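Data file: structure-v8.txt. Format and content: compact mmCIF, C-alpha atoms and all ligand atoms.
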```txt
# COMPACT_ATOMS: atom_id res chain seq x y z
CA MET A 1 130.92 79.47 166.74
CA TYR A 2 130.13 77.79 163.42
CA ASN A 3 127.52 80.38 162.60
CA LEU A 4 130.16 83.08 162.97
CA TYR A 5 132.75 81.22 160.89
CA ALA A 6 130.06 80.79 158.24
CA ARG A 7 129.05 84.44 158.44
CA TRP A 8 132.64 85.65 158.12
CA ILE A 9 133.12 83.42 155.09
CA ARG A 10 129.91 84.71 153.49
CA GLU A 11 130.96 88.30 154.17
CA GLY A 12 134.38 87.66 152.66
CA ARG A 13 136.21 88.39 155.91
CA LEU A 14 137.66 84.87 155.85
CA LYS A 15 138.73 83.34 152.55
CA PRO A 16 139.47 79.65 152.99
CA ASP A 17 140.87 77.95 149.90
CA SER A 18 140.21 74.24 149.38
CA SER A 19 142.58 73.83 146.43
CA TRP A 20 145.15 72.06 148.67
CA ASN A 21 142.76 69.10 148.54
CA ASN A 22 142.07 69.12 144.77
CA ASP A 23 144.54 66.32 144.11
CA LEU A 24 144.82 64.80 147.56
CA LYS A 25 141.06 64.21 147.72
CA ILE A 26 141.13 63.51 151.45
CA LYS A 27 137.62 62.86 152.71
CA PHE A 28 135.92 64.62 155.62
CA THR A 29 132.71 64.19 157.52
CA VAL A 30 131.21 66.24 160.38
CA GLN A 31 129.74 65.35 163.72
CA ASP A 32 126.63 67.45 164.35
CA PRO A 33 126.93 68.23 168.07
CA CYS A 34 123.65 67.47 169.87
CA GLN A 35 124.08 70.53 172.02
CA ILE A 36 124.47 72.97 169.14
CA VAL A 37 122.27 71.45 166.44
CA ARG A 38 119.40 69.40 167.89
CA LYS A 39 119.15 71.11 171.26
CA THR A 40 119.82 74.75 170.44
CA PHE A 41 119.94 76.14 166.91
CA GLY A 42 118.47 73.34 164.80
CA ASP A 43 119.31 72.49 161.20
CA PRO A 44 120.47 76.00 160.18
CA ALA A 45 123.51 75.48 162.44
CA ALA A 46 124.14 72.15 160.72
CA GLU A 47 124.05 73.91 157.34
CA ASP A 48 126.56 76.47 158.59
CA MET A 49 128.88 73.68 159.66
CA ARG A 50 128.69 72.15 156.21
CA LEU A 51 129.29 75.50 154.53
CA VAL A 52 132.47 75.97 156.56
CA VAL A 53 133.81 72.46 156.10
CA LYS A 54 133.04 72.36 152.37
CA ALA A 55 134.73 75.72 151.87
CA CYS A 56 137.83 74.31 153.55
CA VAL A 57 138.09 70.81 152.07
CA GLY A 58 136.15 71.05 148.79
CA GLU A 59 132.51 70.13 148.21
CA GLU A 60 133.38 66.79 146.57
CA ASN A 61 135.52 65.76 149.53
CA PHE A 62 132.75 66.08 152.06
CA ILE A 63 130.67 63.02 153.00
CA ASP A 64 127.71 63.15 155.36
CA MET A 65 126.95 60.50 157.95
CA ALA A 66 123.52 58.91 157.95
CA PRO A 67 121.44 59.95 159.79
CA ASN A 68 122.66 63.50 160.24
CA ARG A 69 121.79 67.06 161.29
CA SER A 70 119.05 67.16 163.94
CA ASN A 71 118.57 63.43 163.58
CA ASN A 72 122.20 62.60 164.23
CA PHE A 73 123.30 60.12 166.89
CA CYS A 74 125.08 61.41 169.95
CA CYS A 75 128.75 60.38 170.03
CA GLY A 76 128.55 59.37 173.70
CA GLY A 77 130.86 62.09 174.97
CA GLY A 78 128.04 64.32 176.19
CA GLY A 79 126.15 64.64 179.43
CA GLY A 80 129.27 64.22 181.53
CA PHE A 81 129.91 60.67 180.24
CA LEU A 82 133.62 61.43 179.71
CA GLN A 83 134.13 62.12 183.41
CA SER A 84 131.71 59.58 184.82
CA GLY A 85 134.15 56.70 185.02
CA PHE A 86 131.86 54.36 183.05
CA LYS A 87 134.37 53.87 180.27
CA GLU A 88 133.11 50.52 179.06
CA GLU A 89 129.57 51.82 178.66
CA ARG A 90 130.78 55.03 177.09
CA LEU A 91 132.68 53.16 174.38
CA LEU A 92 129.75 50.83 173.85
CA TYR A 93 127.50 53.85 173.45
CA GLY A 94 129.99 55.24 170.93
CA ARG A 95 129.87 52.06 168.87
CA THR A 96 126.83 53.49 167.06
CA LYS A 97 128.80 56.61 166.17
CA ASP A 98 131.88 54.65 165.18
CA GLU A 99 129.90 52.54 162.73
CA GLN A 100 128.38 55.70 161.26
CA ILE A 101 131.78 57.31 160.75
CA GLN A 102 133.38 54.16 159.35
CA ALA A 103 130.54 53.84 156.84
CA THR A 104 131.47 57.23 155.35
CA LYS A 105 135.07 56.02 154.80
CA ALA A 106 136.18 59.56 155.71
CA HIS A 107 139.71 60.04 157.06
CA TYR A 108 138.70 62.95 159.23
CA CYS A 109 135.71 63.81 161.35
CA VAL A 110 135.35 67.51 162.10
CA THR A 111 133.97 68.02 165.59
CA GLY A 112 132.36 71.20 166.85
CA CYS A 113 132.56 70.49 170.55
CA HIS A 114 135.21 69.30 172.99
CA ASN A 115 133.26 66.35 174.27
CA CYS A 116 132.72 65.12 170.72
CA HIS A 117 136.37 65.67 169.93
CA ALA A 118 137.67 63.66 172.88
CA GLN A 119 135.14 60.88 172.44
CA ILE A 120 135.51 60.49 168.66
CA HIS A 121 139.29 60.58 168.94
CA GLU A 122 139.09 57.71 171.41
CA LEU A 123 136.54 55.80 169.31
CA GLY A 124 138.83 55.96 166.28
CA GLU A 125 141.63 54.38 168.29
CA HIS A 126 139.55 51.92 170.27
CA PHE A 127 137.62 50.41 167.35
CA GLY A 128 140.53 50.72 164.95
CA GLY A 129 138.72 52.88 162.41
CA GLY A 130 141.84 54.94 161.89
CA TYR A 131 140.00 58.21 161.35
CA HIS A 132 141.05 61.42 163.11
CA ALA A 133 138.93 63.86 165.09
CA VAL A 134 139.74 67.48 164.29
CA HIS A 135 138.55 70.82 165.63
CA ALA A 136 136.93 73.21 163.16
CA TRP A 137 139.65 75.80 163.79
CA THR A 138 142.27 73.30 162.63
CA ILE A 139 140.65 72.70 159.28
CA LEU A 140 139.84 76.39 158.84
CA GLY A 141 143.43 77.27 159.72
CA LEU A 142 144.69 74.73 157.20
CA ALA A 143 142.56 76.16 154.39
CA LEU A 144 143.55 79.72 155.31
CA GLY A 145 147.22 78.77 155.14
CA ILE A 146 147.89 79.84 158.73
CA LEU A 147 148.18 76.50 160.51
CA GLY A 148 151.65 76.25 162.04
CA GLU A 149 153.65 73.07 162.45
CA SER A 150 152.92 72.70 166.16
CA GLU A 151 149.19 73.17 165.59
CA ARG A 152 148.79 69.87 163.70
CA VAL A 153 148.69 67.42 166.60
CA HIS A 154 145.29 66.11 165.56
CA LEU A 155 146.10 65.84 161.87
CA GLY A 156 147.46 62.61 160.44
CA GLU A 157 150.75 62.08 158.60
CA ASP A 158 149.07 63.02 155.33
CA LEU A 159 148.45 66.62 156.40
CA GLN A 160 151.57 67.49 158.39
CA GLU A 161 153.21 69.28 155.46
CA VAL A 162 150.22 70.57 153.53
CA ASN A 163 149.73 74.35 153.18
CA LEU A 164 152.36 75.21 155.78
CA PRO A 165 152.94 78.94 156.27
CA GLU A 166 156.44 80.37 155.95
CA SER A 167 158.33 80.25 159.24
CA SER A 168 161.31 82.16 160.56
CA GLY A 169 163.32 78.95 160.93
CA MET B 1 114.13 44.88 173.95
CA ALA B 2 115.12 44.22 177.52
CA LYS B 3 114.22 40.82 178.86
CA ASP B 4 113.86 41.69 182.52
CA VAL B 5 110.36 41.73 183.89
CA ILE B 6 109.31 44.95 185.56
CA LYS B 7 108.28 44.11 189.11
CA LEU B 8 105.67 46.36 190.57
CA SER B 9 105.92 47.48 194.14
CA GLY B 10 102.78 47.59 196.23
CA LYS B 11 102.04 51.28 195.99
CA ARG B 12 101.70 52.82 192.59
CA LYS B 13 102.15 56.46 193.44
CA SER B 14 104.45 58.14 190.91
CA ALA B 15 105.80 60.90 193.11
CA PHE B 16 108.93 61.30 191.02
CA LYS B 17 107.13 61.48 187.68
CA ASP B 18 104.55 63.91 189.05
CA MET B 19 107.30 66.12 190.42
CA VAL B 20 109.06 66.23 187.04
CA MET B 21 105.81 66.89 185.22
CA GLY B 22 105.25 69.87 187.46
CA LEU B 23 108.53 71.35 186.26
CA LEU B 24 107.97 71.03 182.53
CA PRO B 25 105.74 72.86 180.07
CA ASP B 26 102.83 70.53 179.25
CA GLY B 27 104.31 68.18 181.83
CA GLY B 28 106.90 67.10 179.25
CA ASN B 29 104.05 64.97 177.82
CA LEU B 30 105.20 62.27 180.21
CA ASN B 31 101.72 60.70 180.29
CA ALA B 32 101.36 60.49 176.53
CA CYS B 33 103.52 57.47 175.67
CA LEU B 34 102.17 55.24 172.89
CA THR B 35 104.79 52.56 173.67
CA CYS B 36 105.78 52.58 170.01
CA GLY B 37 109.46 52.09 170.82
CA ALA B 38 110.80 54.72 168.40
CA CYS B 39 112.86 56.19 171.23
CA CYS B 40 114.52 52.86 172.08
CA SER B 41 115.49 51.89 168.58
CA GLY B 42 117.38 55.14 168.06
CA CYS B 43 118.98 55.43 171.48
CA PRO B 44 122.63 54.33 171.70
CA ALA B 45 122.16 53.57 175.42
CA THR B 46 119.35 51.07 174.84
CA GLY B 47 120.07 47.76 176.55
CA PHE B 48 122.64 49.05 179.04
CA ASP B 49 121.83 47.46 182.43
CA GLY B 50 118.73 46.03 180.71
CA MET B 51 117.26 49.53 180.46
CA ASP B 52 116.00 51.68 177.61
CA PRO B 53 114.25 55.07 177.42
CA ARG B 54 110.73 53.64 177.12
CA LYS B 55 111.25 51.28 180.02
CA PHE B 56 112.69 54.10 182.11
CA LEU B 57 109.60 56.19 181.39
CA ARG B 58 107.32 53.25 182.23
CA MET B 59 109.10 52.73 185.53
CA ALA B 60 108.54 56.38 186.39
CA ALA B 61 104.88 56.15 185.38
CA LEU B 62 104.46 53.06 187.54
CA GLY B 63 105.93 54.81 190.54
CA MET B 64 109.02 52.63 190.79
CA ASP B 65 110.85 55.58 192.28
CA ASP B 66 113.25 53.52 194.37
CA ALA B 67 114.38 51.48 191.38
CA ILE B 68 114.94 54.71 189.47
CA LYS B 69 116.97 56.13 192.31
CA GLU B 70 119.13 52.99 192.38
CA SER B 71 119.62 52.81 188.64
CA ARG B 72 122.94 53.72 187.02
CA TRP B 73 121.22 54.26 183.69
CA PRO B 74 120.67 58.03 184.07
CA TRP B 75 124.47 58.32 183.85
CA PHE B 76 124.53 56.30 180.60
CA CYS B 77 121.95 58.53 178.91
CA THR B 78 123.76 61.58 177.54
CA MET B 79 120.57 63.65 177.48
CA CYS B 80 121.17 64.05 173.77
CA THR B 81 117.41 64.48 173.11
CA ARG B 82 117.33 62.28 170.03
CA CYS B 83 114.49 60.30 171.57
CA VAL B 84 112.43 63.49 171.90
CA HIS B 85 113.20 64.31 168.29
CA VAL B 86 111.86 60.97 167.01
CA CYS B 87 109.01 60.53 169.50
CA PRO B 88 105.55 61.10 167.97
CA MET B 89 104.41 62.62 171.27
CA GLU B 90 107.62 64.60 171.93
CA ILE B 91 108.01 63.05 175.33
CA ASN B 92 110.83 64.64 177.28
CA ILE B 93 112.71 61.62 178.56
CA PRO B 94 116.04 63.48 178.98
CA GLN B 95 114.39 65.84 181.49
CA LEU B 96 113.21 62.79 183.38
CA VAL B 97 116.79 61.57 183.34
CA PHE B 98 118.16 64.95 184.44
CA ASN B 99 115.85 64.90 187.44
CA ALA B 100 116.71 61.28 188.17
CA ARG B 101 120.36 62.34 188.40
CA LYS B 102 119.24 64.84 191.03
CA LEU B 103 117.95 61.98 193.15
CA THR B 104 121.48 60.59 193.42
CA PRO B 105 122.98 61.38 196.84
CA ARG B 106 126.21 63.39 196.53
CA ASP B 107 128.40 60.50 197.63
CA LYS B 108 126.93 58.28 194.91
CA VAL B 109 127.46 60.74 192.05
CA PRO B 110 130.23 59.49 189.72
CA LYS B 111 133.42 60.84 191.28
CA GLY B 112 134.79 62.40 188.11
CA ILE B 113 131.71 64.52 187.60
CA LEU B 114 131.44 65.55 191.26
CA GLY B 115 135.16 66.37 191.37
CA SER B 116 134.97 68.45 188.18
CA CYS B 117 131.97 70.40 189.47
CA ASP B 118 133.55 71.04 192.88
CA MET B 119 136.86 72.03 191.33
CA ALA B 120 135.19 74.54 189.01
CA LEU B 121 133.26 76.06 191.91
CA SER B 122 136.48 76.45 193.90
CA LYS B 123 138.25 78.44 191.15
CA PRO B 124 137.17 81.89 189.96
CA THR B 125 138.15 80.75 186.45
CA ASN B 126 135.42 78.02 186.47
CA SER B 127 138.07 75.55 185.36
CA ALA B 128 137.05 71.98 186.11
CA MET B 129 140.71 71.06 185.69
CA GLY B 130 141.78 73.59 188.30
CA CYS B 131 143.55 76.02 186.01
CA SER B 132 144.20 79.25 187.96
CA GLN B 133 144.08 82.82 186.65
CA GLU B 134 147.87 83.06 186.81
CA ASP B 135 148.41 79.78 184.95
CA PHE B 136 145.99 80.80 182.24
CA GLU B 137 147.62 84.19 181.79
CA PHE B 138 151.05 82.59 181.63
CA VAL B 139 150.10 79.94 179.07
CA VAL B 140 148.30 82.41 176.82
CA GLY B 141 151.26 84.80 176.84
CA ASP B 142 153.71 81.98 176.26
CA ILE B 143 151.90 80.58 173.23
CA LEU B 144 151.43 84.05 171.75
CA ASP B 145 155.18 84.70 172.00
CA GLU B 146 155.98 81.33 170.45
CA ILE B 147 153.74 81.96 167.47
CA LYS B 148 155.22 85.39 166.82
CA GLU B 149 158.72 84.05 167.11
CA GLU B 150 158.18 81.22 164.67
CA TYR B 151 155.96 83.15 162.28
CA PRO B 152 156.99 86.84 162.35
CA ILE B 153 154.05 87.70 160.09
CA TRP B 154 151.88 87.62 163.23
CA GLU B 155 153.96 90.36 164.81
CA GLU B 156 153.19 92.50 161.75
CA ARG B 157 149.53 91.56 161.79
CA ASN B 158 149.42 92.34 165.48
CA LEU B 159 148.08 89.00 166.71
CA VAL B 160 146.57 89.40 170.18
CA ALA B 161 145.05 87.24 172.92
CA PRO B 162 143.77 89.77 175.44
CA ILE B 163 142.48 89.01 178.92
CA ASP B 164 140.01 91.48 180.48
CA LYS B 165 140.02 93.93 177.60
CA LYS B 166 137.33 96.47 178.37
CA GLY B 167 134.67 97.09 175.76
CA ALA B 168 135.70 94.26 173.43
CA GLU B 169 132.87 93.11 171.20
CA PHE B 170 133.17 89.40 172.04
CA PHE B 171 133.78 87.74 175.40
CA ILE B 172 135.19 84.35 174.46
CA ASN B 173 135.45 81.31 176.67
CA GLN B 174 137.78 78.37 176.28
CA ASN B 175 137.66 74.76 177.38
CA SER B 176 140.26 74.01 180.08
CA ARG B 177 141.69 71.22 177.97
CA GLU B 178 143.47 73.78 175.85
CA PRO B 179 145.50 75.73 178.41
CA MET B 180 146.05 72.59 180.49
CA ILE B 181 146.76 69.86 177.94
CA GLU B 182 147.02 71.21 174.40
CA PRO B 183 147.91 74.90 174.62
CA GLU B 184 149.05 75.02 170.99
CA GLU B 185 145.41 74.41 170.01
CA MET B 186 144.55 77.98 171.03
CA GLY B 187 146.62 79.63 168.31
CA PRO B 188 144.51 78.77 165.25
CA LEU B 189 141.45 80.43 166.78
CA TRP B 190 143.36 83.62 167.62
CA LYS B 191 144.65 83.78 164.05
CA ILE B 192 141.19 83.25 162.59
CA LEU B 193 139.81 86.05 164.79
CA ASN B 194 142.67 88.29 163.70
CA LEU B 195 142.03 87.66 160.00
CA ALA B 196 138.30 88.26 160.44
CA GLY B 197 139.05 91.55 162.20
CA VAL B 198 137.28 90.59 165.41
CA ASP B 199 137.61 92.60 168.63
CA TRP B 200 137.56 90.03 171.44
CA THR B 201 138.79 89.16 174.91
CA TYR B 202 139.04 86.34 177.43
CA GLY B 203 138.05 87.05 181.03
CA SER B 204 140.40 86.45 183.96
CA VAL B 205 137.27 85.22 185.74
CA GLY B 206 134.92 82.63 184.27
CA TRP B 207 136.80 81.87 181.07
CA ALA B 208 136.45 78.09 181.32
CA ALA B 209 133.75 76.73 179.04
CA GLU B 210 133.00 73.39 180.67
CA ASN B 211 130.22 73.04 183.23
CA TYR B 212 130.09 69.70 185.02
CA CYS B 213 127.69 71.00 187.66
CA MET B 214 125.11 71.07 184.89
CA PHE B 215 125.78 67.39 184.10
CA MET B 216 125.50 66.63 187.79
CA ALA B 217 122.07 68.30 187.77
CA ASP B 218 123.35 70.60 190.51
CA ASP B 219 121.22 73.64 189.66
CA ASP B 220 122.87 75.98 192.15
CA GLY B 221 126.38 75.11 191.03
CA TRP B 222 125.38 75.34 187.39
CA LYS B 223 123.90 78.78 187.98
CA GLU B 224 126.89 79.97 189.97
CA LEU B 225 129.35 79.07 187.21
CA THR B 226 127.22 80.63 184.49
CA GLN B 227 126.71 83.75 186.55
CA ARG B 228 130.43 84.27 187.09
CA SER B 229 131.08 84.27 183.36
CA ALA B 230 128.08 86.45 182.58
CA GLU B 231 129.00 89.00 185.25
CA LYS B 232 132.59 89.27 184.03
CA CYS B 233 131.31 89.71 180.49
CA ASP B 234 128.99 92.51 181.68
CA GLU B 235 131.65 94.14 183.83
CA LEU B 236 133.97 94.39 180.83
CA GLY B 237 131.14 95.80 178.74
CA CYS B 238 131.36 93.09 176.08
CA LYS B 239 128.37 92.87 173.76
CA THR B 240 128.42 89.19 172.90
CA PHE B 241 129.23 86.15 175.00
CA LEU B 242 130.76 83.63 172.65
CA ASN B 243 131.16 79.98 173.44
CA THR B 244 133.98 78.46 171.40
CA GLU B 245 132.14 75.16 171.19
S1 LIG A 301 108.96 57.23 171.13
FE1 LIG A 301 107.65 58.36 172.56
S2 LIG A 301 105.64 57.41 172.37
FE2 LIG A 301 107.11 55.99 171.44
S3 LIG A 301 107.68 54.61 173.15
FE3 LIG A 301 109.18 56.25 173.14
S4 LIG A 301 108.35 57.74 174.60
FE4 LIG A 301 106.66 56.37 174.07
S1 LIG A 302 118.41 61.53 175.53
FE1 LIG A 302 119.03 59.65 176.58
S2 LIG A 302 117.33 58.27 176.28
FE2 LIG A 302 117.11 59.88 174.77
S3 LIG A 302 118.14 59.09 172.93
FE3 LIG A 302 119.63 60.32 174.07
S4 LIG A 302 120.70 58.84 175.35
FE4 LIG A 302 118.82 57.85 174.67
```

Will you turn the file into structure tokens for me?
Amino acid sequence: MYNLYARWIREGRLKPDSSWNNDLKIKFTVQDPCQIVRKTFGDPAAEDMRLVVKACVGEENFIDMAPNRSNNFCCGGGGGFLQSGFKEERLLYGRTKDEQIQATKAHYCVTGCHNCHAQIHELGEHFGGGYHAVHAWTILGLALGILGESERVHLGEDLQEVNLPESSG
Amino acid sequence: MAKDVIKLSGKRKSAFKDMVMGLLPDGGNLNACLTCGACCSGCPATGFDGMDPRKFLRMAALGMDDAIKESRWPWFCTMCTRCVHVCPMEINIPQLVFNARKLTPRDKVPKGILGSCDMALSKPTNSAMGCSQEDFEFVVGDILDEIKEEYPIWEERNLVAPIDKKGAEFFINQNSREPMIEPEEMGPLWKILNLAGVDWTYGSVGWAAENYCMFMADDDGWKELTQRSAEKCDELGCKTFLNTE
């Protein structure tokens, strides 16, 4: 999906505007999903993800984890781990990811896959990092000025009011 | 590194490893390990139950098939392939793990994974959470109405969320978590597709994106779920199958 978002941005079919974050300077990082980057499309998909996120939040507000792209660590949500019942091990596995995210000091981690989203959301709460896991469509919607009030469940307090479209109420 | 000593059983036939090697191109290089440990140091599951990827590979090479069958570790490895990426010999440990999962008798498979696979197989929608065609249709329609009511601009822009639209360019799937738990998360994607001028559709059959049969290493179930989606996509004459992940 990222490659299409990136293509539509390049073609000018989508015009995200990152100026909402010029003064707020809220920091974002991305989780490179193993399934999409390392296992399927390789680093070009990782570049597309960065193109999309940077276009939405501003180049200077994007911070990469280390290591990243094809060399990134799995978050621990993959391979069925989320449904396997081994919660303790799953969180322990995610410790590696949590430390990586906390080191970036980002407030938000954009996730490109549902397993990553659920796992990183839980890691943020469990280890107390305080970061939020957000879907790409949320951040794209925010930068396009189309993200409604009820579509901000995964955004923190700081972004509940930002770039809200005009409503009928 | 794990402290446990690997105990060798009397016979050293590696039936399991040989079987897996037969399935992989170049045998997955499973005989080429240099024991350098690069895989272990970068694997987040190293140390769980005293196991790590190199040790798991060694056990397979030594024919400790029973110990592998008993081990819970294949369920702790996410098959993320980072070990393959860093291994100088590109040894395919995740495929070894995938096949080790296959050795698990059905009643020993983690219940959540088995339940999700069985549920998906029992529903034409492929939903591991049991979302039916009717429920999906209802939720999609409901959210679409809500958006248009609150933001009339989407009425003007003709926001749509079609199901079974013939000849649409993209056949799009959706994780069950959205219709079942967070339906309002579907709206942003629809709006983005609208702005980008994309012609798309969901399918009444096979719209669910998750596939737990694959995680269970149940090849037949995996294939069945994938086939349902692909056939619906073909039947509608959609050009591109698009996974929202
Ligand atoms: S990285 Fe490869 S060669 Fe090195 S120990 Fe692991 S499997 Fe063996
Ligand atoms: S595929 Fe499994 S063994 Fe390899 S790095 Fe990932 S979790 Fe570890």

Point-to-point distance from atom CA of A:Glu88 to atom CA of A:Ala103, Å rounded to tenths: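 It comes out at 22.6 Å.
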
Closest of B:Ala161, B:Cys80, B:Val97, B:Leu114 to chain A - atom-to-atom distances counting all atoms listed in the file: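 Closest residue, counting all atoms listed in the file: B:Cys80.
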
Near-ligand residues for ligand LIG 301 (chain A), threshold 12 Å, all atoms listed in the file, as a JSON list (two decimals) with C-alpha atoms, keeping the file's coordinate frame:
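Written file, result.json:
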```
[["chain", "number", "residue", "atom", "x", "y", "z"],
["B", 1, "MET", "CA", 114.13, 44.88, 173.95],
["B", 28, "GLY", "CA", 106.90, 67.10, 179.25],
["B", 29, "ASN", "CA", 104.05, 64.97, 177.82],
["B", 30, "LEU", "CA", 105.20, 62.27, 180.21],
["B", 31, "ASN", "CA", 101.72, 60.70, 180.29],
["B", 32, "ALA", "CA", 101.36, 60.49, 176.53],
["B", 33, "CYS", "CA", 103.52, 57.47, 175.67],
["B", 34, "LEU", "CA", 102.17, 55.24, 172.89],
["B", 35, "THR", "CA", 104.79, 52.56, 173.67],
["B", 36, "CYS", "CA", 105.78, 52.58, 170.01],
["B", 37, "GLY", "CA", 109.46, 52.09, 170.82],
["B", 38, "ALA", "CA", 110.80, 54.72, 168.40],
["B", 39, "CYS", "CA", 112.86, 56.19, 171.23],
["B", 40, "CYS", "CA", 114.52, 52.86, 172.08],
["B", 41, "SER", "CA", 115.49, 51.89, 168.58],
["B", 42, "GLY", "CA", 117.38, 55.14, 168.06],
["B", 43, "CYS", "CA", 118.98, 55.43, 171.48],
["B", 46, "THR", "CA", 119.35, 51.07, 174.84],
["B", 52, "ASP", "CA", 116.00, 51.68, 177.61],
["B", 53, "PRO", "CA", 114.25, 55.07, 177.42],
["B", 54, "ARG", "CA", 110.73, 53.64, 177.12],
["B", 55, "LYS", "CA", 111.25, 51.28, 180.02],
["B", 56, "PHE", "CA", 112.69, 54.10, 182.11],
["B", 57, "LEU", "CA", 109.60, 56.19, 181.39],
["B", 58, "ARG", "CA", 107.32, 53.25, 182.23],
["B", 60, "ALA", "CA", 108.54, 56.38, 186.39],
["B", 61, "ALA", "CA", 104.88, 56.15, 185.38],
["B", 81, "THR", "CA", 117.41, 64.48, 173.11],
["B", 82, "ARG", "CA", 117.33, 62.28, 170.03],
["B", 83, "CYS", "CA", 114.49, 60.30, 171.57],
["B", 84, "VAL", "CA", 112.43, 63.49, 171.90],
["B", 85, "HIS", "CA", 113.20, 64.31, 168.29],
["B", 86, "VAL", "CA", 111.86, 60.97, 167.01],
["B", 87, "CYS", "CA", 109.01, 60.53, 169.50],
["B", 88, "PRO", "CA", 105.55, 61.10, 167.97],
["B", 89, "MET", "CA", 104.41, 62.62, 171.27],
["B", 90, "GLU", "CA", 107.62, 64.60, 171.93],
["B", 91, "ILE", "CA", 108.01, 63.05, 175.33],
["B", 92, "ASN", "CA", 110.83, 64.64, 177.28],
["B", 93, "ILE", "CA", 112.71, 61.62, 178.56],
["B", 94, "PRO", "CA", 116.04, 63.48, 178.98],
["B", 96, "LEU", "CA", 113.21, 62.79, 183.38]]
```

Residues of chain B within 8 Å of chain A, only C-alpha atoms counted, as a ChimeraX atom specification: /B:42-45,48,75-82,85-86,110-113,116,149-152,175,184-185,187-189,191-192,195-197,212,215-216,242-245

Top pick for closest residue to A:His117, considering A:Val30, A:Asn163, A:Asp64, A:Arg69 and counting all atoms listed in the file: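 Nearest to A:His117: A:Val30.
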
Selection: 9 Å around B:Pro179, only C-alpha atoms, excl. self and same-chain fewer than 2 positions, as a list in words: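 Once the nearby chain positions are removed, what remains is Cys131, Asp135, Phe136, Val139, Val140, Gln174, Asn175, Ser176, Arg177, Ile181, Glu182, Pro183, Glu184, Glu185 and Met186 of chain B.
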
Atomic distance atom CA of B:Trp154 - atom CA of B:Glu235, expressed in Å with one decimal: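 Distance between the two atoms: 29.6 Å.
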
Between atom CA of B:Asp49 and atom CA of B:Arg72, distance in Å (one decimal): 7.8 Å

Extending 3 Å beyond the listed atoms of stretch 41-48 of chain A on each side, what axis-aligned box results? I want centre and edge lengths in Å to one decimal, as JSON.
```
{"center_x": 122.5, "center_y": 74.3, "center_z": 162.1, "size_x": 14.1, "size_y": 10.3, "size_z": 15.6}
```

Shell around A:Gly130 at 10 Å using all atoms listed in the file, local window under 2 positions removed, as a list in words: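 The residues satisfying every condition are Gln102, Lys105, Ala106, His107, Tyr108, His121, Leu123, Gly124, Glu125, His126, Phe127, Gly128, His132, Ala133 and Gly156 of chain A.
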
Could you please take those selected residues and save C-alpha atoms as a PDB file, in the coordinates of the input?
```pdb
ATOM      1  CA  GLN A 102     133.380  54.160 159.350  1.00  0.00           C
ATOM      2  CA  LYS A 105     135.070  56.020 154.800  1.00  0.00           C
ATOM      3  CA  ALA A 106     136.180  59.560 155.710  1.00  0.00           C
ATOM      4  CA  HIS A 107     139.710  60.040 157.060  1.00  0.00           C
ATOM      5  CA  TYR A 108     138.700  62.950 159.230  1.00  0.00           C
ATOM      6  CA  HIS A 121     139.290  60.580 168.940  1.00  0.00           C
ATOM      7  CA  LEU A 123     136.540  55.800 169.310  1.00  0.00           C
ATOM      8  CA  GLY A 124     138.830  55.960 166.280  1.00  0.00           C
ATOM      9  CA  GLU A 125     141.630  54.380 168.290  1.00  0.00           C
ATOM     10  CA  HIS A 126     139.550  51.920 170.270  1.00  0.00           C
ATOM     11  CA  PHE A 127     137.620  50.410 167.350  1.00  0.00           C
ATOM     12  CA  GLY A 128     140.530  50.720 164.950  1.00  0.00           C
ATOM     13  CA  HIS A 132     141.050  61.420 163.110  1.00  0.00           C
ATOM     14  CA  ALA A 133     138.930  63.860 165.090  1.00  0.00           C
ATOM     15  CA  GLY A 156     147.460  62.610 160.440  1.00  0.00           C
TER      16      GLY A 156
END
```

Exercise: stretch 16-20 of chain A partners within 6 Å, all atoms listed in the file, chain neighbours under 5 positions left out, as a list in words: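 Counting only the stated atoms, we get Cys56, Val57, Gly58, Ala143 and Leu144 of chain A.
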
Nearby residues, (132.6, 70.0, 192.3) file frame, 12 Å, all atoms listed in the file, as a PyMOL selection string: (chain A and resi 83) or (chain B and resi 106-107+109-123+126-130+211-218+220-222+224-225)
